[in-house]
Amino acid sequence: MLKELVNPTHFNVLMGKLGDVLVKALDQPLGYAINWGRIWSLWPVHLETACCSVEFGAASGPRYDVERFGIIEAFGSLRQCDLIVVQGTVTRKMAPRLRMVYDQMPEPKYVIAMGACAITGGLYIDSYNVLPGVDGIVPVDVYVPGCPPRPETLIQGCMLLQEKIKRSRIK
Amino acid sequence: MVVLAKSLEDRIDESQKLGLQVIKESEDDRLMTLNVGPQHPGSGHFRFTVKVDGDYIVYADPDPGYVHRGEEKMCEYRNFIQNIPHLERPVIHDSTNITYSYSLAVEELVGIQVPRRGQFIRAIASELNRQVYTLYWLAIYGIFLGHSTMFMWPTGDRELFIDLLEALTGARVTHAFNIPGGVRNDIPNGFKDRCLRQIAYFEKRLKEYEDIFYNNPLLRQRTEGVGILTKEDAIKLGVTGSVLRASGIPYDIRKAEPYDIYNEIDFKVQYMKTGDSFARSYVPFLDMRESCHIMRQLLDKMPESGEVRSKLQPNPKGAPGEAYRRVESGRGALGYYIISDGTPKAYRVKISVGSFRNMLALPYLLVGAKLGDMPSIYWSLNYWPVEADR
């Protein structure tokens, strides 16, 4: 019996089976734990693209206080961040920088498009220097409409993103 | 200005005289170039490169234009009323003032008079918005210098002014309240009492701000004697607003060329003489205090009833010609130059903003300063990048 098990082919089969059982047993709770960690530490990069940044600033003030949801604004380095809130209009000059910032961030990373300009170009749709929506250069997870969105709307967008992360599977 | 220790040739000559081995070190090896922005916790929508020699900045080059959205071009294919919503986006936290001068210029072209009550409501909205802007600016200045309390307090008090403006106009920050011919709607019931209560509360708070922030020895050490802009340089560089007043020139558009009912209001132009970062950060604070004083007078003198808006035709045509009007915004003189060719759309609109002119002083002030003084110099210039880029 023991000799058969130590036999390389049988051993591999056994380990494979054991692995499957382990994955089944640990995937859900581990995924839950990892997602839980990701949900409550969404740190946004401090990249302001246009005027919605004023409302983003107001959201981190004492009245709205996004820190309740684990979002710390004005955090230093983008290497430790996992969220970009695209705060409004993205111009042709800002677009390469936005993509560069997105590429430099570590996985997993999420993008919230805040304001009408970031979604479609908004009020500036006929301007010569404005991108018609930011989803052409970075993949967007949540769209937050408004011009500018009220801080409550931004908080709701963040909570939707947290819902999305909660349901996602760990690779 | 800091002089570089010695030029390359001098050092090579000296080394050869002493019989030492010549180490070829070019200026580029010695200086380090630093990029600040646009992804930076403080710079906002703005980038500037500085070259540092050790701890001292020897060269600074601002690079604006990250939010250039072509506002002036967009004005040419919208009519005079349609322009209002997009013109206030450059400074959404000071949106009443940026549409104020536009409305004045269009009124001059179209040739209408604003009713007296409308003028008062405009001025009240303008002063409320000045508080909202200056509080936001002060909050960012506080967090720039690592003073978290000074971020939280002004942001919280700002919401109370935003509540007043929301009751008045219906929107949090983008009001579209000033329109050519007056204001969009009359003040709501009980607004005057709410306003007076808020002013009384805010004046108490201003004393606390002074105690915790401006009398703080750490802030004084970091800002006093830093980035001095002399009176002559201020005039030469063409800075406006609080930056100009901090350099010892009592110039305020509300006093110099009073618009609407500002000639009936009694107020002092606040200024300081030192011209350093501390003065530049203290003058907006004094302005806020003076603004409370102005608002009390406005609420007191406002006529009890009357029209607030003289109606325009649906698609108003400007008389052929040009108009230039300016107002004192939170950042300084804010003017609109409009050329009209007799059609409902403007032929050319030029926006002259205070931010851009204040930004021009940045490279002059940074050269010779320490790298650690950069935040206090940069944000004390009362600069809002989105407005400068337009």
# chains A, B, ... in the order shown; residues from 1 in each chain; ligands from 1
call {"tool": "residues_around", "arguments": {"residues": "segment 224-240 of chain B", "least_positions_apart": "5", "cutoff": "8 Å", "atoms": "only C-alpha atoms", "output": "PDB file with N, CA and C atoms, in the first residue's frame"}}
result
ATOM      1  N   ARG B 245      -1.545  92.584  -3.076  1.00  0.00           N
ATOM      2  CA  ARG B 245      -1.813  93.295  -1.819  1.00  0.00           C
ATOM      3  C   ARG B 245      -0.833  92.897  -0.724  1.00  0.00           C
ATOM      4  N   SER B 247       2.239  92.440  -1.195  1.00  0.00           N
ATOM      5  CA  SER B 247       3.496  93.127  -1.450  1.00  0.00           C
ATOM      6  C   SER B 247       3.410  94.609  -1.142  1.00  0.00           C
ATOM      7  N   GLY B 248       2.335  95.048  -0.534  1.00  0.00           N
ATOM      8  CA  GLY B 248       2.272  96.432  -0.076  1.00  0.00           C
ATOM      9  C   GLY B 248       1.568  97.379  -1.010  1.00  0.00           C
ATOM     10  N   ILE B 249       0.750  96.865  -1.933  1.00  0.00           N
ATOM     11  CA  ILE B 249       0.012  97.750  -2.838  1.00  0.00           C
ATOM     12  C   ILE B 249      -1.479  97.575  -2.574  1.00  0.00           C
ATOM     13  N   THR B 274       5.133  93.081   3.890  1.00  0.00           N
ATOM     14  CA  THR B 274       6.352  92.276   3.830  1.00  0.00           C
ATOM     15  C   THR B 274       6.520  91.530   2.504  1.00  0.00           C
ATOM     16  N   GLY B 275       5.443  91.043   1.913  1.00  0.00           N
ATOM     17  CA  GLY B 275       5.534  90.375   0.614  1.00  0.00           C
ATOM     18  C   GLY B 275       6.092  88.969   0.675  1.00  0.00           C
ATOM     19  N   ASP B 276       6.171  88.359   1.862  1.00  0.00           N
ATOM     20  CA  ASP B 276       6.648  86.975   1.946  1.00  0.00           C
ATOM     21  C   ASP B 276       5.468  86.004   1.919  1.00  0.00           C
ATOM     22  N   SER B 277       5.782  84.726   2.052  1.00  0.00           N
ATOM     23  CA  SER B 277       4.718  83.714   1.994  1.00  0.00           C
ATOM     24  C   SER B 277       3.681  83.931   3.077  1.00  0.00           C
ATOM     25  N   PHE B 278       4.128  84.367   4.245  1.00  0.00           N
ATOM     26  CA  PHE B 278       3.184  84.565   5.334  1.00  0.00           C
ATOM     27  C   PHE B 278       2.185  85.663   4.992  1.00  0.00           C
ATOM     28  N   ALA B 279       2.689  86.769   4.430  1.00  0.00           N
ATOM     29  CA  ALA B 279       1.789  87.861   4.064  1.00  0.00           C
ATOM     30  C   ALA B 279       0.805  87.404   3.003  1.00  0.00           C
ATOM     31  N   ARG B 331      -8.959  85.250  -6.538  1.00  0.00           N
ATOM     32  CA  ARG B 331      -7.559  85.200  -6.899  1.00  0.00           C
ATOM     33  C   ARG B 331      -7.032  86.498  -7.467  1.00  0.00           C
ATOM     34  N   GLY B 332      -7.903  87.486  -7.659  1.00  0.00           N
ATOM     35  CA  GLY B 332      -7.446  88.747  -8.200  1.00  0.00           C
ATOM     36  C   GLY B 332      -8.361  89.213  -9.311  1.00  0.00           C
ATOM     37  N   ALA B 333      -7.827  90.115 -10.135  1.00  0.00           N
ATOM     38  CA  ALA B 333      -8.653  90.685 -11.192  1.00  0.00           C
ATOM     39  C   ALA B 333      -9.037  89.600 -12.183  1.00  0.00           C
ATOM     40  N   GLY B 354      -6.713  85.903 -12.948  1.00  0.00           N
ATOM     41  CA  GLY B 354      -5.684  86.246 -11.972  1.00  0.00           C
ATOM     42  C   GLY B 354      -4.684  85.120 -11.765  1.00  0.00           C
ATOM     43  N   ARG B 357      -1.598  85.067 -14.080  1.00  0.00           N
ATOM     44  CA  ARG B 357      -0.607  86.123 -13.822  1.00  0.00           C
ATOM     45  C   ARG B 357       0.137  85.873 -12.522  1.00  0.00           C
ATOM     46  N   ASN B 358      -0.552  85.295 -11.537  1.00  0.00           N
ATOM     47  CA  ASN B 358       0.146  84.968 -10.297  1.00  0.00           C
ATOM     48  C   ASN B 358       1.147  83.839 -10.508  1.00  0.00           C
ATOM     49  N   LEU B 360       2.954  83.407 -13.070  1.00  0.00           N
ATOM     50  CA  LEU B 360       4.166  83.898 -13.719  1.00  0.00           C
ATOM     51  C   LEU B 360       5.219  84.300 -12.696  1.00  0.00           C
ATOM     52  N   ALA B 361       4.808  84.589 -11.458  1.00  0.00           N
ATOM     53  CA  ALA B 361       5.785  84.972 -10.434  1.00  0.00           C
ATOM     54  C   ALA B 361       6.496  83.763  -9.862  1.00  0.00           C
ATOM     55  N   LEU B 365      10.209  83.459  -7.813  1.00  0.00           N
ATOM     56  CA  LEU B 365      10.245  83.286  -6.366  1.00  0.00           C
ATOM     57  C   LEU B 365      10.956  82.001  -5.966  1.00  0.00           C
ATOM     58  N   LEU B 366      10.855  80.963  -6.829  1.00  0.00           N
ATOM     59  CA  LEU B 366      11.441  79.683  -6.445  1.00  0.00           C
ATOM     60  C   LEU B 366      12.959  79.711  -6.540  1.00  0.00           C
ATOM     61  N   ALA B 369      15.287  79.707  -3.447  1.00  0.00           N
ATOM     62  CA  ALA B 369      14.613  79.205  -2.250  1.00  0.00           C
ATOM     63  C   ALA B 369      15.045  77.769  -2.003  1.00  0.00           C
ATOM     64  N   ASP B 373      10.863  74.878   0.999  1.00  0.00           N
ATOM     65  CA  ASP B 373       9.971  76.041   1.014  1.00  0.00           C
ATOM     66  C   ASP B 373       9.055  76.071  -0.191  1.00  0.00           C
ATOM     67  N   ILE B 377       5.582  78.474  -0.944  1.00  0.00           N
ATOM     68  CA  ILE B 377       5.624  79.528  -1.965  1.00  0.00           C
ATOM     69  C   ILE B 377       4.581  79.251  -3.036  1.00  0.00           C
TER      70      ILE B 377
END
call {"tool": "interface_residues", "arguments": {"of": "chain A", "to": "chain B", "cutoff": "7 Å", "atoms": "only C-alpha atoms", "output": "PDB file with N, CA and C atoms, in the first residue's frame"}}
result
ATOM      1  N   HIS A  46      -3.407  60.384  -6.133  1.00  0.00           N
ATOM      2  CA  HIS A  46      -3.764  61.792  -6.163  1.00  0.00           C
ATOM      3  C   HIS A  46      -3.453  62.368  -7.535  1.00  0.00           C
ATOM      4  N   LEU A  47      -4.270  62.013  -8.498  1.00  0.00           N
ATOM      5  CA  LEU A  47      -4.120  62.565  -9.847  1.00  0.00           C
ATOM      6  C   LEU A  47      -5.378  63.346 -10.148  1.00  0.00           C
ATOM      7  N   GLU A  48      -5.239  64.676 -10.182  1.00  0.00           N
ATOM      8  CA  GLU A  48      -6.409  65.498 -10.466  1.00  0.00           C
ATOM      9  C   GLU A  48      -6.379  65.816 -11.935  1.00  0.00           C
ATOM     10  N   THR A  49      -7.500  65.578 -12.614  1.00  0.00           N
ATOM     11  CA  THR A  49      -7.492  65.900 -14.036  1.00  0.00           C
ATOM     12  C   THR A  49      -8.281  67.152 -14.345  1.00  0.00           C
ATOM     13  N   ALA A  50      -9.283  67.502 -13.584  1.00  0.00           N
ATOM     14  CA  ALA A  50     -10.009  68.744 -13.843  1.00  0.00           C
ATOM     15  C   ALA A  50     -10.783  69.163 -12.606  1.00  0.00           C
ATOM     16  N   CYS A  51     -11.886  69.888 -12.822  1.00  0.00           N
ATOM     17  CA  CYS A  51     -12.515  70.618 -11.728  1.00  0.00           C
ATOM     18  C   CYS A  51     -13.273  69.735 -10.746  1.00  0.00           C
ATOM     19  N   ALA A  58     -13.952  67.876  -1.150  1.00  0.00           N
ATOM     20  CA  ALA A  58     -15.042  68.051  -0.188  1.00  0.00           C
ATOM     21  C   ALA A  58     -15.472  66.704   0.392  1.00  0.00           C
ATOM     22  N   GLY A  61     -13.638  65.811   3.377  1.00  0.00           N
ATOM     23  CA  GLY A  61     -13.778  66.746   4.495  1.00  0.00           C
ATOM     24  C   GLY A  61     -14.584  66.134   5.616  1.00  0.00           C
ATOM     25  N   PRO A  62     -14.776  66.890   6.691  1.00  0.00           N
ATOM     26  CA  PRO A  62     -15.446  66.307   7.847  1.00  0.00           C
ATOM     27  C   PRO A  62     -16.911  65.965   7.634  1.00  0.00           C
ATOM     28  N   ARG A  63     -17.603  66.627   6.710  1.00  0.00           N
ATOM     29  CA  ARG A  63     -19.023  66.325   6.588  1.00  0.00           C
ATOM     30  C   ARG A  63     -19.269  65.011   5.876  1.00  0.00           C
ATOM     31  N   ALA A  74      -5.180  61.951  -0.814  1.00  0.00           N
ATOM     32  CA  ALA A  74      -3.865  62.584  -0.766  1.00  0.00           C
ATOM     33  C   ALA A  74      -2.817  61.630  -0.213  1.00  0.00           C
ATOM     34  N   PHE A  75      -2.886  60.389  -0.650  1.00  0.00           N
ATOM     35  CA  PHE A  75      -1.873  59.443  -0.222  1.00  0.00           C
ATOM     36  C   PHE A  75      -0.657  59.600  -1.117  1.00  0.00           C
ATOM     37  N   GLY A  76       0.519  59.380  -0.546  1.00  0.00           N
ATOM     38  CA  GLY A  76       1.758  59.742  -1.232  1.00  0.00           C
ATOM     39  C   GLY A  76       2.060  59.056  -2.527  1.00  0.00           C
ATOM     40  N   THR A  91      -7.789  65.987 -20.901  1.00  0.00           N
ATOM     41  CA  THR A  91      -7.391  66.676 -22.124  1.00  0.00           C
ATOM     42  C   THR A  91      -6.339  65.847 -22.852  1.00  0.00           C
ATOM     43  N   LYS A  93      -3.377  66.603 -23.399  1.00  0.00           N
ATOM     44  CA  LYS A  93      -2.082  66.658 -22.718  1.00  0.00           C
ATOM     45  C   LYS A  93      -2.056  65.751 -21.495  1.00  0.00           C
ATOM     46  N   MET A  94      -3.207  65.610 -20.840  1.00  0.00           N
ATOM     47  CA  MET A  94      -3.256  64.808 -19.620  1.00  0.00           C
ATOM     48  C   MET A  94      -3.381  63.314 -19.924  1.00  0.00           C
ATOM     49  N   LEU A 123     -19.852  68.450 -21.010  1.00  0.00           N
ATOM     50  CA  LEU A 123     -20.072  69.808 -21.494  1.00  0.00           C
ATOM     51  C   LEU A 123     -19.052  70.178 -22.572  1.00  0.00           C
ATOM     52  N   SER A 127     -15.225  70.500 -27.695  1.00  0.00           N
ATOM     53  CA  SER A 127     -13.961  71.220 -27.570  1.00  0.00           C
ATOM     54  C   SER A 127     -12.863  70.468 -28.315  1.00  0.00           C
ATOM     55  N   TYR A 128     -11.871  71.204 -28.798  1.00  0.00           N
ATOM     56  CA  TYR A 128     -10.843  70.589 -29.642  1.00  0.00           C
ATOM     57  C   TYR A 128      -9.784  69.836 -28.849  1.00  0.00           C
ATOM     58  N   ASN A 129      -9.784  69.987 -27.526  1.00  0.00           N
ATOM     59  CA  ASN A 129      -8.659  69.454 -26.761  1.00  0.00           C
ATOM     60  C   ASN A 129      -9.099  68.420 -25.728  1.00  0.00           C
ATOM     61  N   VAL A 130     -10.327  67.922 -25.839  1.00  0.00           N
ATOM     62  CA  VAL A 130     -10.866  67.087 -24.767  1.00  0.00           C
ATOM     63  C   VAL A 130     -11.197  65.701 -25.299  1.00  0.00           C
TER      64      VAL A 130
END
call {"tool": "residues_around", "arguments": {"residues": "segment 284-295 of chain B", "least_positions_apart": "6", "cutoff": "10 Å", "atoms": "only C-alpha atoms", "output": "number ranges by chain"}}
result
B: 120, 123-128, 130-132, 134-135, 137-138, 195-196, 198-200, 202-203, 206-207, 209-210, 214, 241-243, 245-246, 262, 265-272, 301, 330-331, 380, 382
call {"tool": "write_last_selection", "arguments": {"atoms": "C-alpha atoms", "output": "PDB file, in the first residue's frame"}}
result
ATOM      1  CA  PHE B 120     -27.473  93.428  -4.318  1.00  0.00           C
ATOM      2  CA  ALA B 123     -22.972  91.044  -4.683  1.00  0.00           C
ATOM      3  CA  ILE B 124     -24.172  88.814  -1.817  1.00  0.00           C
ATOM      4  CA  ALA B 125     -23.678  85.679  -3.906  1.00  0.00           C
ATOM      5  CA  SER B 126     -20.276  86.962  -4.953  1.00  0.00           C
ATOM      6  CA  GLU B 127     -19.151  87.543  -1.359  1.00  0.00           C
ATOM      7  CA  LEU B 128     -20.462  84.150  -0.233  1.00  0.00           C
ATOM      8  CA  ARG B 130     -15.403  84.402  -2.151  1.00  0.00           C
ATOM      9  CA  GLN B 131     -15.617  82.788   1.294  1.00  0.00           C
ATOM     10  CA  VAL B 132     -16.163  79.348  -0.249  1.00  0.00           C
ATOM     11  CA  THR B 134     -10.846  81.183   0.108  1.00  0.00           C
ATOM     12  CA  LEU B 135     -11.755  78.473   2.618  1.00  0.00           C
ATOM     13  CA  TRP B 137      -7.672  77.497  -0.720  1.00  0.00           C
ATOM     14  CA  LEU B 138      -6.848  77.765   2.973  1.00  0.00           C
ATOM     15  CA  CYS B 195     -26.959  84.515   6.455  1.00  0.00           C
ATOM     16  CA  LEU B 196     -26.526  86.783   9.484  1.00  0.00           C
ATOM     17  CA  GLN B 198     -23.722  82.186   9.649  1.00  0.00           C
ATOM     18  CA  ILE B 199     -21.639  85.378   9.516  1.00  0.00           C
ATOM     19  CA  ALA B 200     -21.754  85.718  13.307  1.00  0.00           C
ATOM     20  CA  PHE B 202     -17.926  82.452  11.080  1.00  0.00           C
ATOM     21  CA  GLU B 203     -16.412  85.555  12.645  1.00  0.00           C
ATOM     22  CA  LEU B 206     -11.944  83.197  12.198  1.00  0.00           C
ATOM     23  CA  LYS B 207     -10.473  84.083  15.594  1.00  0.00           C
ATOM     24  CA  TYR B 209      -8.218  80.030  12.816  1.00  0.00           C
ATOM     25  CA  GLU B 210      -5.858  82.825  13.712  1.00  0.00           C
ATOM     26  CA  TYR B 214      -1.502  81.988  11.841  1.00  0.00           C
ATOM     27  CA  GLY B 241      -5.259  90.089  -6.021  1.00  0.00           C
ATOM     28  CA  SER B 242      -3.969  88.963  -2.676  1.00  0.00           C
ATOM     29  CA  VAL B 243      -0.422  88.462  -4.002  1.00  0.00           C
ATOM     30  CA  ARG B 245      -1.813  93.295  -1.819  1.00  0.00           C
ATOM     31  CA  ALA B 246       0.639  91.244   0.220  1.00  0.00           C
ATOM     32  CA  TYR B 262     -19.802  98.348  -4.537  1.00  0.00           C
ATOM     33  CA  ILE B 265     -20.299  99.858   0.402  1.00  0.00           C
ATOM     34  CA  ASP B 266     -17.821 101.010   2.984  1.00  0.00           C
ATOM     35  CA  PHE B 267     -14.826  98.705   3.355  1.00  0.00           C
ATOM     36  CA  LYS B 268     -11.074  98.835   3.687  1.00  0.00           C
ATOM     37  CA  VAL B 269      -8.598  97.269   1.284  1.00  0.00           C
ATOM     38  CA  GLN B 270      -6.553  94.832   3.352  1.00  0.00           C
ATOM     39  CA  TYR B 271      -2.855  94.718   2.599  1.00  0.00           C
ATOM     40  CA  MET B 272       0.498  93.864   4.133  1.00  0.00           C
ATOM     41  CA  LYS B 301     -29.050  97.975   2.578  1.00  0.00           C
ATOM     42  CA  GLY B 330     -10.818  85.248  -4.965  1.00  0.00           C
ATOM     43  CA  ARG B 331      -7.559  85.200  -6.899  1.00  0.00           C
ATOM     44  CA  SER B 380       0.584  81.036  -1.323  1.00  0.00           C
ATOM     45  CA  ASN B 382      -3.282  81.900  -4.818  1.00  0.00           C
TER      46      ASN B 382
END
call {"tool": "residues_around", "arguments": {"residues": "Asp103 of chain A", "least_positions_apart": "6", "cutoff": "10 Å", "atoms": "only C-alpha atoms", "output": "PyMOL selection string"}}
result
chain A and resi 97+109+138
call {"tool": "atom_distance", "arguments": {"atom1": "atom CA of Pro145 of chain A", "atom2": "atom CA of Met159 of chain A"}}
result
14.5 Å
call {"tool": "select_by_dssp", "arguments": {"residues": "segment 24-165 of chain A", "states": "alpha helix (DSSP H)", "output": "PyMOL selection string"}}
result
chain A and resi 24-39+53-59+95-104+116-120+151-165
call {"tool": "atom_distance", "arguments": {"atom1": "atom CA of Ser41 of chain A", "atom2": "atom CA of Ile71 of chain A"}}
result
6.3 Å
call {"tool": "atom_distance", "arguments": {"atom1": "atom CA of Leu104 of chain B", "atom2": "atom CA of Met359 of chain B"}}
result
25.9 Å
call {"tool": "select_by_dssp", "arguments": {"residues": "segment 97-216 of chain B", "states": "strand (DSSP E or B)", "output": "list in words"}}
result
Asn178, Ile179, Gly182 and Val183 of chain B
call {"tool": "write_last_selection", "arguments": {"atoms": "C-alpha atoms", "output": "PDB file, in the first residue's frame"}}
result
ATOM      1  CA  ASN B 178     -25.338  85.399 -12.615  1.00  0.00           C
ATOM      2  CA  ILE B 179     -26.757  85.882 -16.053  1.00  0.00           C
ATOM      3  CA  GLY B 182     -29.450  90.091 -13.333  1.00  0.00           C
ATOM      4  CA  VAL B 183     -29.703  86.893 -11.354  1.00  0.00           C
TER       5      VAL B 183
END
call {"tool": "residues_around", "arguments": {"residues": "Pro139 of chain A", "least_positions_apart": "4", "cutoff": "9 Å", "atoms": "only C-alpha atoms", "output": "PyMOL selection string"}}
result
chain A and resi 110-111+134-135
call {"tool": "write_last_selection", "arguments": {"atoms": "N, CA and C atoms", "output": "JSON list (two decimals), in the first residue's frame"}}
result
[["chain", "number", "residue", "atom", "x", "y", "z"],
["A", 110, "TYR", "N", -8.29, 49.57, -9.83],
["A", 110, "TYR", "CA", -9.66, 49.88, -10.22],
["A", 110, "TYR", "C", -9.74, 51.34, -10.65],
["A", 111, "VAL", "N", -10.70, 51.64, -11.52],
["A", 111, "VAL", "CA", -10.85, 52.99, -12.04],
["A", 111, "VAL", "C", -12.30, 53.45, -11.85],
["A", 134, "VAL", "N", -13.16, 58.73, -20.89],
["A", 134, "VAL", "CA", -11.85, 58.24, -20.49],
["A", 134, "VAL", "C", -11.73, 56.74, -20.73],
["A", 135, "ASP", "N", -12.87, 56.06, -21.05],
["A", 135, "ASP", "CA", -12.81, 54.60, -21.19],
["A", 135, "ASP", "C", -12.08, 54.16, -22.45]]
